[in-house]
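Here is coords-v3.csv, consisting of CSV, C-alpha atoms and all ligand atoms:
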chain,number,residue,atom,x,y,z
R,1,MET,CA,212.0,-84.7,15.8
R,2,LYS,CA,208.2,-84.7,15.8
R,3,LYS,CA,206.8,-82.4,13.1
R,4,LYS,CA,204.6,-79.5,14.3
R,5,ARG,CA,201.0,-79.7,13.2
R,6,ILE,CA,199.1,-77.5,10.8
R,7,LEU,CA,195.3,-77.4,10.3
R,8,SER,CA,193.3,-75.5,7.7
R,9,GLY,CA,190.1,-75.9,5.8
R,10,MET,CA,188.2,-74.5,2.8
R,11,GLN,CA,184.5,-74.2,2.3
R,12,PRO,CA,183.0,-76.0,-0.7
R,13,THR,CA,180.7,-73.1,-1.7
R,14,GLY,CA,181.7,-73.1,-5.3
R,15,GLN,CA,184.6,-73.6,-7.7
R,16,LEU,CA,188.0,-72.6,-6.4
R,17,HIS,CA,189.6,-69.6,-8.0
R,18,LEU,CA,193.0,-68.0,-8.4
R,19,GLY,CA,192.4,-66.0,-5.1
R,20,ASN,CA,191.9,-69.3,-3.3
R,21,TYR,CA,195.0,-70.8,-5.0
R,22,PHE,CA,197.4,-67.9,-4.3
R,23,GLY,CA,195.7,-67.0,-1.0
R,24,ALA,CA,195.9,-70.5,0.5
R,25,LEU,CA,196.4,-73.6,-1.6
R,26,LYS,CA,199.9,-72.8,-3.0
R,27,ASN,CA,201.1,-72.2,0.6
R,28,TRP,CA,199.5,-75.4,1.8
R,29,VAL,CA,201.4,-77.4,-0.8
R,30,GLU,CA,204.7,-75.8,0.4
R,31,LEU,CA,203.8,-76.5,4.1
R,32,GLN,CA,203.2,-80.2,3.6
R,33,ASP,CA,206.9,-81.0,3.4
R,34,GLU,CA,207.8,-79.3,6.7
R,35,PHE,CA,204.7,-79.9,8.8
R,36,GLU,CA,202.2,-82.6,9.7
R,37,CYS,CA,199.2,-81.1,7.8
R,38,PHE,CA,195.5,-81.8,8.2
R,39,TYR,CA,193.4,-80.1,5.5
R,40,PHE,CA,189.7,-80.4,5.5
R,41,ILE,CA,186.8,-79.6,3.2
R,42,ALA,CA,184.5,-77.5,5.5
R,43,ASP,CA,181.1,-78.6,4.3
R,44,TRP,CA,179.4,-77.8,7.6
R,45,HIS,CA,180.8,-74.3,7.4
R,46,ALA,CA,179.5,-74.1,3.8
R,47,LEU,CA,176.0,-74.7,5.2
R,48,THR,CA,176.0,-71.3,6.8
R,49,SER,CA,175.5,-69.7,3.4
R,50,LEU,CA,174.1,-72.7,1.4
R,51,TYR,CA,171.5,-74.0,3.8
R,52,GLU,CA,168.8,-73.3,1.2
R,53,SER,CA,170.5,-75.5,-1.4
R,54,PRO,CA,172.6,-78.1,0.5
R,55,SER,CA,172.7,-80.5,-2.4
R,56,LYS,CA,175.1,-78.2,-4.2
R,57,ILE,CA,177.7,-78.7,-1.4
R,58,LYS,CA,178.2,-82.4,-2.3
R,59,ASN,CA,179.2,-81.5,-5.8
R,60,TYR,CA,181.5,-78.8,-4.7
R,61,VAL,CA,183.2,-81.1,-2.2
R,62,PHE,CA,184.3,-83.3,-5.1
R,63,GLU,CA,185.4,-80.2,-7.1
R,64,VAL,CA,187.5,-78.9,-4.2
R,65,ALA,CA,189.2,-82.2,-3.7
R,66,VAL,CA,190.0,-82.4,-7.4
R,67,ASP,CA,191.5,-78.9,-7.3
R,68,TRP,CA,193.5,-79.7,-4.1
R,69,LEU,CA,195.0,-82.8,-5.7
R,70,SER,CA,195.6,-81.1,-9.0
R,71,SER,CA,197.4,-78.3,-7.2
R,72,GLY,CA,199.9,-80.7,-5.6
R,73,LEU,CA,198.5,-81.7,-2.2
R,74,ASP,CA,199.9,-85.1,-1.7
R,75,PRO,CA,197.8,-87.6,0.4
R,76,GLU,CA,201.1,-89.4,1.2
R,77,LYS,CA,202.3,-86.2,2.9
R,78,CYS,CA,199.1,-84.7,4.4
R,79,THR,CA,195.7,-85.8,5.6
R,80,LEU,CA,192.8,-84.6,3.4
R,81,PHE,CA,189.3,-85.2,4.6
R,82,ILE,CA,185.7,-83.9,4.7
R,83,GLN,CA,184.6,-82.2,7.9
R,84,SER,CA,181.2,-83.8,8.2
R,85,GLU,CA,182.7,-87.3,8.0
R,86,VAL,CA,184.5,-86.7,11.3
R,87,PRO,CA,181.5,-86.2,13.7
R,88,GLN,CA,183.9,-85.3,16.6
R,89,HIS,CA,183.9,-81.7,15.1
R,90,ALA,CA,180.2,-81.4,15.8
R,91,GLU,CA,180.4,-82.9,19.2
R,92,LEU,CA,183.3,-80.6,20.4
R,93,HIS,CA,181.5,-77.6,18.8
R,94,LEU,CA,178.5,-78.3,20.9
R,95,MET,CA,180.5,-78.7,24.1
R,96,LEU,CA,182.4,-75.5,23.5
R,97,SER,CA,179.2,-73.6,22.5
R,98,MET,CA,178.0,-74.1,26.1
R,99,MET,CA,180.8,-72.0,27.5
R,100,VAL,CA,181.3,-69.3,24.9
R,101,PRO,CA,179.6,-66.0,25.8
R,102,VAL,CA,177.5,-64.6,22.9
R,103,PRO,CA,179.1,-61.1,23.0
R,104,TRP,CA,182.4,-62.7,22.1
R,105,LEU,CA,180.8,-63.9,18.9
R,106,GLU,CA,178.8,-60.7,18.2
R,107,ARG,CA,182.0,-58.6,18.2
R,108,ASN,CA,183.7,-60.8,15.6
R,109,PRO,CA,184.3,-58.4,12.6
R,110,THR,CA,183.9,-61.1,10.0
R,111,TYR,CA,180.4,-61.7,11.2
R,112,LYS,CA,179.4,-58.2,10.1
R,113,GLU,CA,181.6,-58.2,7.0
R,114,LYS,CA,180.2,-61.4,5.6
R,115,GLN,CA,176.7,-60.3,6.2
R,116,ASP,CA,177.4,-57.2,4.1
R,117,GLU,CA,179.2,-59.2,1.4
R,118,VAL,CA,176.6,-62.0,0.9
R,119,LYS,CA,173.4,-60.3,-0.2
R,120,ASN,CA,171.3,-63.2,-1.6
R,121,VAL,CA,171.2,-65.3,1.6
R,122,ASP,CA,170.0,-64.3,5.1
R,123,MET,CA,173.1,-64.8,7.2
R,124,SER,CA,171.5,-63.9,10.5
R,125,SER,CA,171.4,-67.6,11.6
R,126,TYR,CA,172.4,-69.0,15.0
R,127,GLY,CA,174.9,-71.3,13.1
R,128,PHE,CA,176.7,-68.4,11.4
R,129,LEU,CA,177.0,-66.4,14.6
R,130,GLY,CA,178.6,-69.5,16.2
R,131,TYR,CA,180.9,-70.4,13.3
R,132,PRO,CA,184.0,-69.3,15.2
R,133,VAL,CA,183.2,-71.9,17.8
R,134,LEU,CA,183.0,-74.7,15.2
R,135,GLN,CA,186.2,-73.3,13.7
R,136,THR,CA,187.8,-73.6,17.1
R,137,ALA,CA,186.7,-77.2,17.4
R,138,ASP,CA,188.1,-77.9,14.0
R,139,ILE,CA,191.5,-76.6,15.0
R,140,VAL,CA,191.9,-77.8,18.6
R,141,LEU,CA,190.7,-81.4,17.9
R,142,TYR,CA,194.0,-81.9,16.1
R,143,LYS,CA,196.0,-80.0,18.6
R,144,ALA,CA,197.3,-77.9,15.7
R,145,ASN,CA,200.2,-75.7,16.5
R,146,TYR,CA,199.6,-73.4,13.6
R,147,VAL,CA,196.9,-72.2,11.3
R,148,PRO,CA,198.1,-70.7,8.0
R,149,VAL,CA,196.7,-67.2,7.5
R,150,GLY,CA,197.5,-64.0,5.7
R,151,ILE,CA,198.6,-61.1,7.9
R,152,ASP,CA,195.2,-59.4,7.9
R,153,GLN,CA,193.5,-62.6,9.1
R,154,ALA,CA,195.7,-63.2,12.1
R,155,PRO,CA,193.3,-61.4,14.6
R,156,HIS,CA,190.6,-64.0,13.6
R,157,LEU,CA,192.5,-66.6,15.5
R,158,GLU,CA,192.5,-64.7,18.7
R,159,LEU,CA,188.9,-65.8,19.4
R,160,SER,CA,189.9,-69.4,19.1
R,161,ARG,CA,192.8,-68.8,21.5
R,162,GLU,CA,190.4,-67.1,24.0
R,163,ILE,CA,188.0,-70.1,23.8
R,164,VAL,CA,190.8,-72.5,24.5
R,165,ARG,CA,191.9,-70.4,27.5
R,166,ARG,CA,188.3,-70.4,28.8
R,167,PHE,CA,188.1,-74.2,28.6
R,168,HIS,CA,191.4,-74.5,30.4
R,169,ASN,CA,190.5,-72.0,33.1
R,170,LEU,CA,187.1,-73.7,33.7
R,171,TYR,CA,188.4,-77.3,34.0
R,172,LYS,CA,191.9,-76.6,35.3
R,173,LYS,CA,193.7,-78.8,32.8
R,174,LYS,CA,195.4,-78.1,29.5
R,175,VAL,CA,193.9,-80.3,26.9
R,176,PHE,CA,194.2,-78.2,23.8
R,177,ILE,CA,196.9,-76.2,22.2
R,178,GLU,CA,196.4,-72.5,21.7
R,179,PRO,CA,196.8,-72.3,17.9
R,180,ALA,CA,199.2,-69.7,16.5
R,181,ALA,CA,199.0,-68.0,13.2
R,182,LYS,CA,201.4,-69.1,10.5
R,183,ILE,CA,201.7,-65.9,8.5
R,184,SER,CA,202.4,-66.1,4.9
R,185,ASP,CA,203.0,-63.5,2.3
R,186,ILE,CA,199.9,-63.5,0.1
R,187,PRO,CA,199.9,-61.6,-3.2
R,188,LYS,CA,197.0,-59.2,-3.5
R,189,LEU,CA,194.9,-60.3,-6.4
R,190,ASN,CA,191.6,-58.7,-7.2
R,191,GLY,CA,188.8,-60.0,-9.5
R,192,ILE,CA,188.4,-59.0,-13.1
R,193,ASP,CA,186.3,-56.0,-12.0
R,194,GLY,CA,188.8,-54.7,-9.5
R,195,ARG,CA,186.9,-55.8,-6.4
R,196,LYS,CA,188.1,-58.6,-4.1
R,197,MET,CA,188.1,-61.9,-6.1
R,198,SER,CA,185.0,-63.7,-4.9
R,199,LYS,CA,182.4,-66.2,-6.0
R,200,SER,CA,179.7,-63.8,-4.7
R,201,TYR,CA,180.9,-61.0,-7.0
R,202,ASP,CA,181.0,-63.2,-10.1
R,203,ASN,CA,184.5,-61.7,-10.9
R,204,ALA,CA,186.8,-64.7,-10.4
R,205,ILE,CA,189.1,-66.7,-12.7
R,206,TYR,CA,188.5,-70.3,-11.7
R,207,LEU,CA,191.0,-73.1,-11.6
R,208,SER,CA,188.3,-75.0,-13.5
R,209,ASP,CA,187.9,-72.4,-16.3
R,210,THR,CA,188.8,-73.5,-19.9
R,211,GLU,CA,191.5,-71.7,-21.8
R,212,LYS,CA,188.8,-69.9,-23.7
R,213,GLN,CA,187.1,-68.7,-20.5
R,214,VAL,CA,190.5,-67.5,-19.0
R,215,THR,CA,191.3,-65.6,-22.2
R,216,LYS,CA,187.9,-63.9,-22.3
R,217,LYS,CA,188.1,-62.9,-18.6
R,218,VAL,CA,191.7,-61.5,-19.0
R,219,LYS,CA,190.5,-59.4,-22.0
R,220,SER,CA,187.6,-58.0,-19.9
R,221,MET,CA,189.8,-57.0,-17.0
R,222,PHE,CA,189.6,-53.7,-15.3
R,223,THR,CA,192.9,-51.8,-15.8
R,224,ASP,CA,194.2,-48.4,-14.7
R,225,PRO,CA,191.0,-46.3,-14.4
R,226,GLN,CA,192.9,-43.1,-15.3
R,227,ARG,CA,194.0,-44.5,-18.7
R,228,LYS,CA,191.1,-43.7,-20.8
R,229,MET,CA,192.7,-43.5,-24.3
R,230,ARG,CA,195.4,-45.5,-26.0
R,231,GLU,CA,197.7,-42.5,-26.0
R,232,ASP,CA,197.3,-41.9,-22.2
R,233,PRO,CA,200.2,-43.2,-20.1
R,234,GLY,CA,199.2,-45.7,-17.5
R,235,ASP,CA,200.4,-46.7,-14.1
R,236,PRO,CA,201.0,-50.4,-13.4
R,237,ASP,CA,201.1,-49.7,-9.7
R,238,VAL,CA,197.4,-49.0,-9.6
R,239,CYS,CA,196.4,-51.4,-12.5
R,240,ASN,CA,194.3,-54.4,-11.6
R,241,LEU,CA,196.1,-56.5,-14.2
R,242,PHE,CA,199.7,-55.9,-13.3
R,243,PRO,CA,199.7,-58.1,-10.1
R,244,PHE,CA,198.9,-61.1,-12.4
R,245,HIS,CA,201.9,-60.2,-14.6
R,246,LYS,CA,204.0,-60.3,-11.5
R,247,ILE,CA,202.9,-63.8,-10.8
R,248,TYR,CA,202.8,-65.3,-14.3
R,249,SER,CA,205.1,-63.3,-16.6
R,250,PRO,CA,208.9,-63.5,-16.7
R,251,LYS,CA,210.7,-60.7,-15.0
R,252,SER,CA,211.9,-59.2,-18.4
R,253,MET,CA,208.3,-59.0,-19.6
R,254,GLN,CA,207.2,-57.3,-16.3
R,255,GLU,CA,210.0,-54.7,-16.7
R,256,GLU,CA,209.1,-54.1,-20.3
R,257,ILE,CA,205.4,-53.6,-19.5
R,258,ASP,CA,206.2,-51.4,-16.5
R,259,ARG,CA,208.3,-49.1,-18.7
R,260,ASP,CA,206.1,-49.1,-21.8
R,261,CYS,CA,202.9,-48.6,-19.9
R,262,ARG,CA,204.2,-45.5,-18.3
R,263,THR,CA,205.1,-44.0,-21.7
R,264,ALA,CA,202.0,-45.3,-23.5
R,265,ALA,CA,204.3,-47.4,-25.8
R,266,ILE,CA,202.0,-50.4,-25.1
R,267,GLY,CA,198.3,-50.5,-25.1
R,268,CYS,CA,196.1,-52.3,-22.6
R,269,GLY,CA,194.9,-54.7,-25.3
R,270,ASP,CA,198.4,-55.9,-26.1
R,271,CYS,CA,199.2,-56.1,-22.4
R,272,LYS,CA,196.2,-58.3,-21.9
R,273,ASN,CA,197.1,-60.6,-24.8
R,274,LYS,CA,200.6,-61.1,-23.2
R,275,LEU,CA,199.0,-61.9,-19.8
R,276,ALA,CA,196.5,-64.3,-21.3
R,277,GLU,CA,199.4,-66.2,-22.8
R,278,THR,CA,201.7,-66.4,-19.7
R,279,MET,CA,198.7,-67.1,-17.4
R,280,LEU,CA,197.6,-70.0,-19.6
R,281,SER,CA,201.0,-71.5,-19.7
R,282,GLY,CA,201.1,-71.2,-15.9
R,283,MET,CA,197.7,-72.8,-15.5
R,284,ARG,CA,198.0,-75.6,-18.0
R,285,PRO,CA,199.7,-78.2,-15.8
R,286,HIS,CA,196.9,-77.7,-13.3
R,287,MET,CA,194.3,-78.0,-16.0
R,288,GLU,CA,195.8,-81.2,-17.3
R,289,LYS,CA,195.9,-82.8,-13.8
R,290,ARG,CA,192.4,-81.6,-13.2
R,291,ARG,CA,191.1,-83.4,-16.3
R,292,GLU,CA,192.8,-86.6,-15.1
R,293,TYR,CA,191.3,-86.5,-11.6
R,294,LEU,CA,187.8,-85.7,-12.9
R,295,ASN,CA,188.0,-89.0,-14.7
R,296,LYS,CA,189.0,-90.9,-11.5
R,297,PRO,CA,186.3,-90.0,-8.9
R,298,LYS,CA,186.8,-93.4,-7.2
R,299,GLU,CA,190.4,-92.6,-6.5
R,300,VAL,CA,189.5,-89.1,-5.2
R,301,TYR,CA,186.9,-90.5,-2.8
R,302,GLU,CA,189.3,-93.2,-1.6
R,303,ILE,CA,191.9,-90.6,-0.7
R,304,LEU,CA,189.2,-88.7,1.3
R,305,ALA,CA,188.1,-91.9,3.0
R,306,GLU,CA,191.7,-92.7,4.0
R,307,GLY,CA,192.0,-89.2,5.3
R,308,ARG,CA,188.8,-89.5,7.3
R,309,LYS,CA,190.3,-92.6,9.1
R,310,ARG,CA,193.4,-90.8,10.1
R,311,ALA,CA,191.6,-87.6,11.2
R,312,CYS,CA,189.0,-89.6,13.2
R,313,GLN,CA,191.7,-91.3,15.2
R,314,VAL,CA,193.3,-88.1,16.3
R,315,ALA,CA,190.0,-86.2,16.8
R,316,GLU,CA,188.6,-89.0,18.9
R,317,ARG,CA,191.6,-89.1,21.3
R,318,THR,CA,191.3,-85.3,21.9
R,319,LEU,CA,187.6,-85.4,22.4
R,320,GLU,CA,187.9,-88.2,25.0
R,321,GLU,CA,190.5,-86.2,26.8
R,322,ALA,CA,188.2,-83.1,26.8
R,323,LYS,CA,185.3,-85.1,28.1
R,324,SER,CA,187.3,-86.8,30.8
R,325,VAL,CA,188.6,-83.5,32.3
R,326,MET,CA,185.0,-82.1,32.3
R,327,ASP,CA,183.8,-85.3,34.0
R,328,LYS,CA,186.4,-84.9,36.7
R,329,THR,CA,185.4,-81.3,37.4
R,330,LYS,CA,183.3,-80.9,40.5
R,401,LIG,S1,199.3,-51.4,-20.2
R,401,LIG,FE1,199.0,-53.1,-18.9
R,401,LIG,S2,199.8,-52.5,-16.9
R,401,LIG,FE2,199.4,-50.6,-18.2
R,401,LIG,S3,197.4,-49.9,-17.6
R,401,LIG,FE3,197.2,-51.2,-19.4
R,401,LIG,S4,196.8,-53.3,-18.6
R,401,LIG,FE4,197.6,-52.0,-16.9
Written form, structure tokens:
Amino acid sequence: MKKKRILSGMQPTGQLHLGNYFGALKNWVELQDEFECFYFIADWHALTSLYESPSKIKNYVFEVAVDWLSSGLDPEKCTLFIQSEVPQHAELHLMLSMMVPVPWLERNPTYKEKQDEVKNVDMSSYGFLGYPVLQTADIVLYKANYVPVGIDQAPHLELSREIVRRFHNLYKKKVFIEPAAKISDIPKLNGIDGRKMSKSYDNAIYLSDTEKQVTKKVKSMFTDPQRKMREDPGDPDVCNLFPFHKIYSPKSMQEEIDRDCRTAAIGCGDCKNKLAETMLSGMRPHMEKRREYLNKPKEVYEILAEGRKRACQVAERTLEEAKSVMDKTK
């Protein structure tokens, strides 16, 4: 039976961090066995925030590809490519832009949220307002059945579905597939300061960090704010550090910390030392593979070139179909 198709992308706006890994990448690796997956490095989307320094994007593209491969994305199982190397994304984006009403874009909650989050760049551009249209083109070009998202991001897909319906209503033929959300359970991980883990907040633990950097960051992590003194009991349920133990530490250690924190039998310093150890042993395999891929840039770029070929074939077929139904409309 033909596998259902998945499409997803990541912006090369910086190094990837644990939030990116547990929020998306880990799930992508699992999906590649069951679905036909297309994963792209969204360098045109990255331009919405890096338009003043576009040369940075190229470097990040390579870093993202290295992190993808080191995390276990397998080019034999999925198609990995760079968005700007498949020009059909831009062409379909332009075509769809002509039929999407501006108020649809203005009511997009992410538009406002991102403007509040990114302080150092003027995000009031025409391109940023229209990014959901480009995102729709990205998805529908591959006739993707699903887009993997966390439960809180599911509504974001609704706009893409509306755009697809508008196209089908206007030209009376179904060319695209209305993408559905593939919801996955994403652990809630904050940055070391307790806010959402983000490059913009400078609070992330990166997949590219050295062991020394990871240890330093773990030791500076924000914990239970009520636990002011060593003698004060803590509450792992509100502690910023404990979710990382849930990912990296063995169950027996989690239970021990949960119990000892509540009676102040363990201090936050010891708890952090334990986490630094388990986190590093969890991250080491990725760190080793990362070092290997960094030394083989030719191989990384060949994988992306092969992915481009496969992506272009599919994208071109869909684009031609879309043009042809528009041409036939009186
Ligand atoms: S002991 Fe650990 S879980 Fe408890 S508050 Fe300190 S860092 Fe958090």
Surrounding residues as a ChimeraX atom specification, ligand LIG 401 (chain R), max 12 Å, only C-alpha atoms and all ligand atoms: /R:192,194,218-246,253-276
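Across the model, the gap from CA of Val140 (chain R) to CA of Asp116 (chain R) is 29.1 Å.
Going from CA of Asp67 (chain R) to CA of Gln135 (chain R) covers 22.4 Å.
When all atoms listed in the file are used to compute distances to Ser249 (chain R), the closest of the residues R:Val29, R:Leu129, R:Met279, R:Met326 turns out to be R:Met279.
In this comparison, which uses all atoms listed in the file, the residue of R:Leu80, R:Val118, R:Met1, R:Ala42 approaching Ser198 (chain R) most closely is R:Val118.
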Top pick for closest residue to Asn190 (chain R), considering R:Arg290, R:Arg166, R:His17, R:Lys330 and counting only C-alpha atoms: R:His17
From R:Glu63, R:Thr136, R:Ala204, R:Met95, residue lying nearest Asn295 (chain R) [all atoms listed in the file]: R:Glu63
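Going from CA of Ser125 (chain R) over to CA of Tyr111 (chain R), you cover 10.8 Å.
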Please provide as a tab-separated table (two decimals) with C-alpha atoms, keeping the file's coordinate frame all residues within 12 Å of Asp327 (chain R), with the sequence filter that same-chain residues fewer than 3 positions apart are discarded (counting all atoms listed in the file).
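Resulting contents of out.tsv:
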chain	number	residue	atom	x	y	z
R	171	TYR	CA	188.40	-77.30	34.00
R	172	LYS	CA	191.90	-76.60	35.30
R	173	LYS	CA	193.70	-78.80	32.80
R	320	GLU	CA	187.90	-88.20	25.00
R	321	GLU	CA	190.50	-86.20	26.80
R	322	ALA	CA	188.20	-83.10	26.80
R	323	LYS	CA	185.30	-85.10	28.10
R	324	SER	CA	187.30	-86.80	30.80
R	330	LYS	CA	183.30	-80.90	40.50
Starting from the sparse input, extend region 163-181 of chain R to N, CA and C atoms and give the output as a short mmCIF file (atom, residue, chain, number, x, y, z; two decimals), in the coordinates of the input.
data_model
loop_
_atom_site.label_atom_id
_atom_site.label_comp_id
_atom_site.auth_asym_id
_atom_site.auth_seq_id
_atom_site.Cartn_x
_atom_site.Cartn_y
_atom_site.Cartn_z
N ILE R 163 188.87 -68.98 23.44
CA ILE R 163 188.00 -70.10 23.80
C ILE R 163 188.80 -71.22 24.44
N VAL R 164 189.98 -71.47 23.91
CA VAL R 164 190.80 -72.50 24.50
C VAL R 164 191.19 -72.13 25.94
N ARG R 165 191.53 -70.86 26.15
CA ARG R 165 191.90 -70.40 27.50
C ARG R 165 190.71 -70.56 28.45
N ARG R 166 189.54 -70.26 27.95
CA ARG R 166 188.30 -70.40 28.80
C ARG R 166 188.13 -71.83 29.22
N PHE R 167 188.28 -72.74 28.27
CA PHE R 167 188.10 -74.20 28.60
C PHE R 167 189.15 -74.56 29.66
N HIS R 168 190.39 -74.16 29.46
CA HIS R 168 191.40 -74.50 30.40
C HIS R 168 191.22 -73.92 31.78
N ASN R 169 190.73 -72.69 31.82
CA ASN R 169 190.50 -72.00 33.10
C ASN R 169 189.31 -72.73 33.84
N LEU R 170 188.29 -73.10 33.08
CA LEU R 170 187.10 -73.70 33.70
C LEU R 170 187.45 -75.10 34.28
N TYR R 171 188.24 -75.88 33.55
CA TYR R 171 188.40 -77.30 34.00
C TYR R 171 189.82 -77.58 34.48
N LYS R 172 190.63 -76.51 34.61
CA LYS R 172 191.90 -76.60 35.30
C LYS R 172 192.88 -77.63 34.72
N LYS R 173 192.73 -77.89 33.45
CA LYS R 173 193.70 -78.80 32.80
C LYS R 173 193.87 -78.41 31.36
N LYS R 174 195.11 -78.45 30.91
CA LYS R 174 195.40 -78.10 29.50
C LYS R 174 195.19 -79.28 28.59
N VAL R 175 194.14 -79.25 27.84
CA VAL R 175 193.90 -80.30 26.90
C VAL R 175 194.28 -79.95 25.49
N PHE R 176 193.98 -78.70 25.16
CA PHE R 176 194.20 -78.20 23.80
C PHE R 176 195.49 -77.44 23.67
N ILE R 177 195.82 -77.12 22.43
CA ILE R 177 196.90 -76.20 22.20
C ILE R 177 196.36 -74.89 21.67
N GLU R 178 196.84 -73.79 22.21
CA GLU R 178 196.40 -72.50 21.70
C GLU R 178 197.01 -72.31 20.31
N PRO R 179 196.21 -72.30 19.26
CA PRO R 179 196.80 -72.30 17.90
C PRO R 179 197.45 -70.90 17.61
N ALA R 180 198.56 -70.94 16.92
CA ALA R 180 199.20 -69.70 16.50
C ALA R 180 199.07 -69.51 15.01
N ALA R 181 199.16 -68.27 14.59
CA ALA R 181 199.00 -68.00 13.20
C ALA R 181 200.35 -68.28 12.45
#
